[in-house]
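A short write-up of the structure that comes next.
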Amino acid sequence: MNIIEKQTVLTKSLYEINSNTLKALFELQKNNVSAYIETNRTFGEKLPEIKSIETLMGVQKDYGTALWSNAKGALQAQNEIVKDAFSEAKSAVTQAYGQELLEEAPVVAKKAKAKPKAKAKTKPKAKAKTAAA
């Protein structure tokens, strides 16, 4: 396969990976917004039931916990989508150019350690001549 064909296949693969990744991220965001609205609706229904400060604090605590767990789950799901995209992109590039790069990789011989350079000898400083009168 020549270089143009490899680049064409790689470009097509990367386009599909990016397209699928964006679709997954948009779907995740849609689900996150739906979950957020549902959480607000659920806790909004509890507001008329509040009769004391303790009940209010409990409802707020539950609401905060629900929001945190939803946000945490969404972030973990987003990280997995991005990791998968990078993994797929890496395998696409490796598949397109990996064997060729391995075959063309130059063999680097280990360099011998250089001997430390000898320090330059310094000339003794000439004493300044003073005019003797």
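Residue numbering restarts at 1 for every chain of the structure tokens, chains are lettered A, B, ... in their displayed order, and ligands are numbered from 1 as they appear.
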
**Item:** For range 16-20 of chain A: contacts at 12 Å, only C-alpha atoms, fewer than 2 positions along chain excluded, given as a count of residues only
**Value:** 25

**Shell of 10 Å around range 59-68 of chain A, only C-alpha atoms, local chain residues under 3 positions omitted, as a PyMOL selection string** = chain A and resi 35-36+39-40+42-44+46-47+49-50+53-56+71-74

**Request:** Work out how far CA of Ala77 in chain A is from CA of Glu45 in chain A, in Å to one decimal.
**Result:**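 Calculated distance between CA of Glu45 in chain A and CA of Ala77 in chain A is 28.6 Å.
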